[in-house]
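*Asks:* So that you have it, the file is model_4.csv, and it contains CSV, C-alpha atoms:
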chain,number,residue,atom,x,y,z
V,1,MET,CA,0.0,0.0,0.0
V,2,THR,CA,1.4,3.4,-1.0
V,3,ASP,CA,1.6,6.3,1.4
V,4,ASP,CA,-1.3,8.0,-0.4
V,5,GLU,CA,-3.4,4.9,-0.2
V,6,ALA,CA,-2.6,4.6,3.5
V,7,ALA,CA,-3.6,8.2,4.1
V,8,ASP,CA,-6.8,7.7,2.1
V,9,GLU,CA,-7.7,4.7,4.2
V,10,GLN,CA,-6.9,6.5,7.4
V,11,ARG,CA,-9.2,9.4,6.4
V,12,ARG,CA,-11.9,6.9,5.5
V,13,ARG,CA,-11.6,5.4,9.0
V,14,VAL,CA,-11.8,8.9,10.6
V,15,PHE,CA,-15.0,9.7,8.5
V,16,GLN,CA,-16.5,6.4,9.5
V,17,GLY,CA,-15.7,7.0,13.2
V,18,LEU,CA,-17.3,10.4,13.0
V,19,ARG,CA,-20.5,9.0,11.4
V,20,ASP,CA,-20.5,6.3,14.1
V,21,LEU,CA,-20.1,8.9,16.8
V,22,GLY,CA,-23.0,10.9,15.3
V,23,SER,CA,-25.2,7.7,15.4
V,24,VAL,CA,-24.3,7.0,19.0
V,25,GLN,CA,-25.0,10.7,19.9
V,26,SER,CA,-28.5,10.3,18.3
V,27,GLU,CA,-29.1,7.1,20.2
V,28,LEU,CA,-28.0,8.8,23.4
V,29,GLY,CA,-30.7,11.5,22.9
V,30,ARG,CA,-33.3,8.7,22.4
V,31,ALA,CA,-32.1,7.1,25.6
V,32,PHE,CA,-32.5,10.4,27.5
V,33,ALA,CA,-36.0,10.6,26.1
V,34,ARG,CA,-36.8,7.1,27.2
V,35,SER,CA,-35.4,7.8,30.7
V,36,ARG,CA,-37.8,10.7,31.0
V,37,ARG,CA,-40.7,9.0,29.2
V,38,MET,CA,-40.7,11.7,26.6
V,39,HIS,CA,-41.0,11.7,22.8
V,40,ALA,CA,-37.6,11.9,21.2
V,41,THR,CA,-38.4,15.2,19.6
V,42,ASP,CA,-39.4,16.7,22.9
V,43,ALA,CA,-36.2,15.5,24.5
V,44,ALA,CA,-34.2,16.8,21.6
V,45,ALA,CA,-35.9,20.2,22.0
V,46,VAL,CA,-35.1,20.3,25.8
V,47,VAL,CA,-31.4,19.4,25.1
V,48,GLU,CA,-31.2,22.2,22.5
V,49,ILE,CA,-32.7,24.7,24.9
V,50,ILE,CA,-30.4,23.7,27.7
V,51,ASN,CA,-27.3,23.7,25.4
V,52,ALA,CA,-28.2,27.2,24.2
V,53,GLU,CA,-28.7,28.4,27.7
V,54,GLN,CA,-25.3,27.0,28.7
V,55,HIS,CA,-23.7,29.0,25.9
V,56,GLY,CA,-25.4,32.2,27.0
V,57,ARG,CA,-27.6,32.3,23.8
V,58,PRO,CA,-31.1,31.2,24.8
V,59,LEU,CA,-33.3,30.1,21.9
V,60,THR,CA,-36.4,31.7,20.4
V,61,PRO,CA,-39.1,29.5,19.2
V,62,ALA,CA,-38.1,30.2,15.6
V,63,ARG,CA,-34.5,29.1,16.3
V,64,LEU,CA,-35.6,26.0,18.1
V,65,ALA,CA,-37.8,25.1,15.1
V,66,GLU,CA,-34.7,25.3,12.9
V,67,ARG,CA,-32.6,23.2,15.3
V,68,VAL,CA,-35.1,20.4,15.6
V,69,SER,CA,-36.4,20.6,12.0
V,70,LEU,CA,-40.0,21.4,12.7
V,71,THR,CA,-42.4,23.9,11.2
V,72,THR,CA,-43.4,26.9,13.4
V,73,GLY,CA,-46.8,25.4,13.9
V,74,ALA,CA,-45.4,22.0,15.1
V,75,THR,CA,-42.9,23.9,17.3
V,76,SER,CA,-45.7,25.8,18.9
V,77,ILE,CA,-47.5,22.5,19.8
V,78,LEU,CA,-44.2,21.1,21.0
V,79,LEU,CA,-43.6,24.1,23.2
V,80,ASN,CA,-47.1,24.0,24.7
V,81,ARG,CA,-46.5,20.3,25.5
V,82,LEU,CA,-43.1,21.0,27.1
V,83,GLU,CA,-44.5,24.0,29.1
V,84,GLN,CA,-47.5,22.0,30.3
V,85,ALA,CA,-45.1,19.2,31.4
V,86,GLY,CA,-43.1,21.7,33.4
V,87,HIS,CA,-39.9,21.3,31.3
V,88,ILE,CA,-39.6,24.8,29.9
V,89,VAL,CA,-40.8,28.4,30.4
V,90,ARG,CA,-41.2,31.1,27.8
V,91,THR,CA,-40.1,34.6,28.8
V,92,ARG,CA,-40.1,38.1,27.3
V,93,GLU,CA,-36.9,39.5,28.7
V,94,HIS,CA,-35.8,41.4,25.5
V,95,THR,CA,-36.4,45.1,25.2
V,96,ASP,CA,-38.6,44.1,22.2
V,97,ARG,CA,-41.4,42.4,24.2
V,98,ARG,CA,-42.5,40.5,21.1
V,99,ILE,CA,-39.4,38.3,21.3
V,100,VAL,CA,-40.0,35.2,23.3
V,101,THR,CA,-37.0,33.3,24.9
V,102,LEU,CA,-37.0,29.7,25.9
V,103,HIS,CA,-35.6,28.5,29.2
V,104,SER,CA,-35.4,25.0,30.8
V,105,THR,CA,-36.9,24.6,34.3
V,106,PRO,CA,-34.7,23.6,37.2
V,107,ALA,CA,-36.4,20.2,37.3
V,108,ILE,CA,-35.7,19.2,33.7
V,109,HIS,CA,-32.2,20.8,33.9
V,110,ALA,CA,-31.5,18.6,36.9
V,111,ALA,CA,-32.8,15.5,35.1
V,112,ALA,CA,-30.6,16.2,32.1
V,113,ALA,CA,-27.6,16.7,34.4
V,114,THR,CA,-28.3,13.5,36.2
V,115,PHE,CA,-28.4,11.6,32.9
V,116,TYR,CA,-25.5,13.3,31.0
V,117,GLU,CA,-23.0,14.3,33.7
V,118,PRO,CA,-21.7,10.7,34.4
V,119,LEU,CA,-21.0,10.4,30.7
V,120,GLY,CA,-19.3,13.8,30.7
V,121,ASP,CA,-17.1,12.6,33.5
V,122,GLN,CA,-16.2,9.5,31.5
V,123,LEU,CA,-15.4,11.4,28.3
V,124,GLY,CA,-13.4,13.9,30.4
V,125,ALA,CA,-11.3,11.0,31.7
V,126,VAL,CA,-10.7,9.8,28.1
V,127,LEU,CA,-9.5,13.3,27.0
V,128,ALA,CA,-7.3,13.6,30.1
V,129,ASP,CA,-5.0,11.1,28.4
V,130,TYR,CA,-4.2,13.7,25.7
V,131,SER,CA,-1.6,16.5,26.0
V,132,PRO,CA,-2.7,20.1,25.6
V,133,ALA,CA,-1.0,20.1,22.2
V,134,GLU,CA,-3.0,17.0,21.1
V,135,LEU,CA,-6.2,18.5,22.5
V,136,ASP,CA,-5.5,21.7,20.5
V,137,LEU,CA,-5.1,19.6,17.3
V,138,ILE,CA,-8.3,17.7,18.1
V,139,GLU,CA,-10.2,20.9,18.8
V,140,THR,CA,-9.0,22.5,15.6
V,141,ALA,CA,-9.9,19.5,13.5
V,142,VAL,CA,-13.4,19.2,15.1
V,143,GLU,CA,-14.1,22.9,14.5
V,144,LEU,CA,-12.9,22.8,10.9
V,145,LEU,CA,-15.0,19.7,10.2
V,146,ARG,CA,-18.1,21.3,11.9
V,147,SER,CA,-17.7,24.6,10.1
V,148,THR,CA,-17.2,22.8,6.8
V,149,MET,CA,-20.4,20.8,7.4
V,150,VAL,CA,-22.4,24.0,8.3
V,151,ALA,CA,-21.1,25.7,5.2
V,152,TYR,CA,-22.1,22.7,3.0
V,153,MET,CA,-25.6,22.8,4.5
V,154,GLU,CA,-25.9,26.5,3.9
V,155,ASP,CA,-24.8,26.1,0.3
V,156,SER,CA,-27.1,23.2,-0.4
Will you turn the file into structure tokens for me?
*Replies:*
Amino acid sequence: MTDDEAADEQRRRVFQGLRDLGSVQSELGRAFARSRRMHATDAAAVVEIINAEQHGRPLTPARLAERVSLTTGATSILLNRLEQAGHIVRTREHTDRRIVTLHSTPAIHAAAATFYEPLGDQLGAVLADYSPAELDLIETAVELLRSTMVAYMEDS
């Protein structure tokens, strides 16, 4: 096998590993849904809302609709269901009072933390085996792959 063929094979394995990781991540979301006796779309919406909050960028209903690939009407029904279940609240904290922001409730946030934090600890232990230089390389590669995929979707 030539060096070029070996490099092509290694890239193929990396791509396959990333696809497998995405599949496992999707299954993890479904497992969270099952643990809360929620529909998978409801759980995905809750996770999106929590993640956005953790990044300091709470979602609006329109942004959530984009993130979970629902129409605005379906998202409205979803949000009503999540609000009635006590998983989210809608607030109007923006100076433009027409803008609604979505927030997780302490109860669902705690449930998500209980489910995901042990895994986060295990993944942290895996990454602890890498040097700061190796982590910089991984971080750069992941960001470049992510931004390339986002650009591809935007262009499609």
*Asks:* May I have the residues within 12 Å of Tyr116 in chain V as a PyMOL selection string, using only C-alpha atoms and disregarding those fewer than 2 positions away in the same chain?
*Replies:* chain V and resi 25+28-29+31-33+35+47+50-51+109-114+118-123
*Asks:* Might you pull out every residue within 7 Å of range 103-108 of chain V, with all atoms listed in the file counted and same-chain residues fewer than 3 positions away left off, and present them as a list of chain:residue names?
*Replies:* V:Val46, V:Ile49, V:Ile50, V:Pro58, V:Gly86, V:His87, V:Ile88, V:Val89, V:Arg90, V:Ala111, V:Ala112
*Asks:* Check the smallest atom-to-atom distance from each of V:Ser156, V:Gln84, V:Thr91, V:Thr101 to Leu64 in chain V using all atoms listed in the file, then report the winner.
*Replies:*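 With all atoms listed in the file as the atom set, the closest residue is V:Thr101.
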*Asks:* Would you compute the distance between CA of Met38 in chain V and CA of Arg92 in chain V? Give it in Å to one decimal.
*Replies:* 26.4 Å
*Asks:* Any idea what the distance is between CA of Thr75 in chain V and CA of Val100 in chain V?
*Replies:*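 One can read the CA of Thr75 in chain V to CA of Val100 in chain V distance as 13.1 Å.
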*Asks:* Could you name the residues that touch Ser76 in chain V at 9 Å or less, counting all atoms listed in the file, but leaving out those on the same chain fewer than 5 positions away, as a short mmCIF file (atom, residue, chain, number, x, y, z; two decimals) with C-alpha atoms, in the frame of the given file?
*Replies:*
data_model
loop_
_atom_site.label_atom_id
_atom_site.label_comp_id
_atom_site.auth_asym_id
_atom_site.auth_seq_id
_atom_site.Cartn_x
_atom_site.Cartn_y
_atom_site.Cartn_z
CA PRO V 61 -39.10 29.50 19.20
CA ALA V 65 -37.80 25.10 15.10
CA THR V 71 -42.40 23.90 11.20
CA ARG V 81 -46.50 20.30 25.50
#
*Asks:* Excluding Ala45 in chain V and its own-chain neighbours fewer than 6 positions away, which residues fall within 9 Å of it when counting all atoms listed in the file? Please give them as a PDB file with C-alpha atoms, keeping the file's coordinate frame.
*Replies:*
ATOM      1  CA  LEU V  64     -35.600  26.000  18.100  1.00  0.00           C
ATOM      2  CA  ALA V  65     -37.800  25.100  15.100  1.00  0.00           C
ATOM      3  CA  ARG V  67     -32.600  23.200  15.300  1.00  0.00           C
ATOM      4  CA  VAL V  68     -35.100  20.400  15.600  1.00  0.00           C
ATOM      5  CA  LEU V  78     -44.200  21.100  21.000  1.00  0.00           C
ATOM      6  CA  LEU V  79     -43.600  24.100  23.200  1.00  0.00           C
ATOM      7  CA  LEU V  82     -43.100  21.000  27.100  1.00  0.00           C
TER       8      LEU V  82
END
*Asks:* May I ask for the distance between CA of Ala85 in chain V and CA of Glu27 in chain V, given in Å to one decimal place?
*Replies:*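 Taking CA of Ala85 in chain V as the start and CA of Glu27 in chain V as the end point, the length is 23.0 Å.
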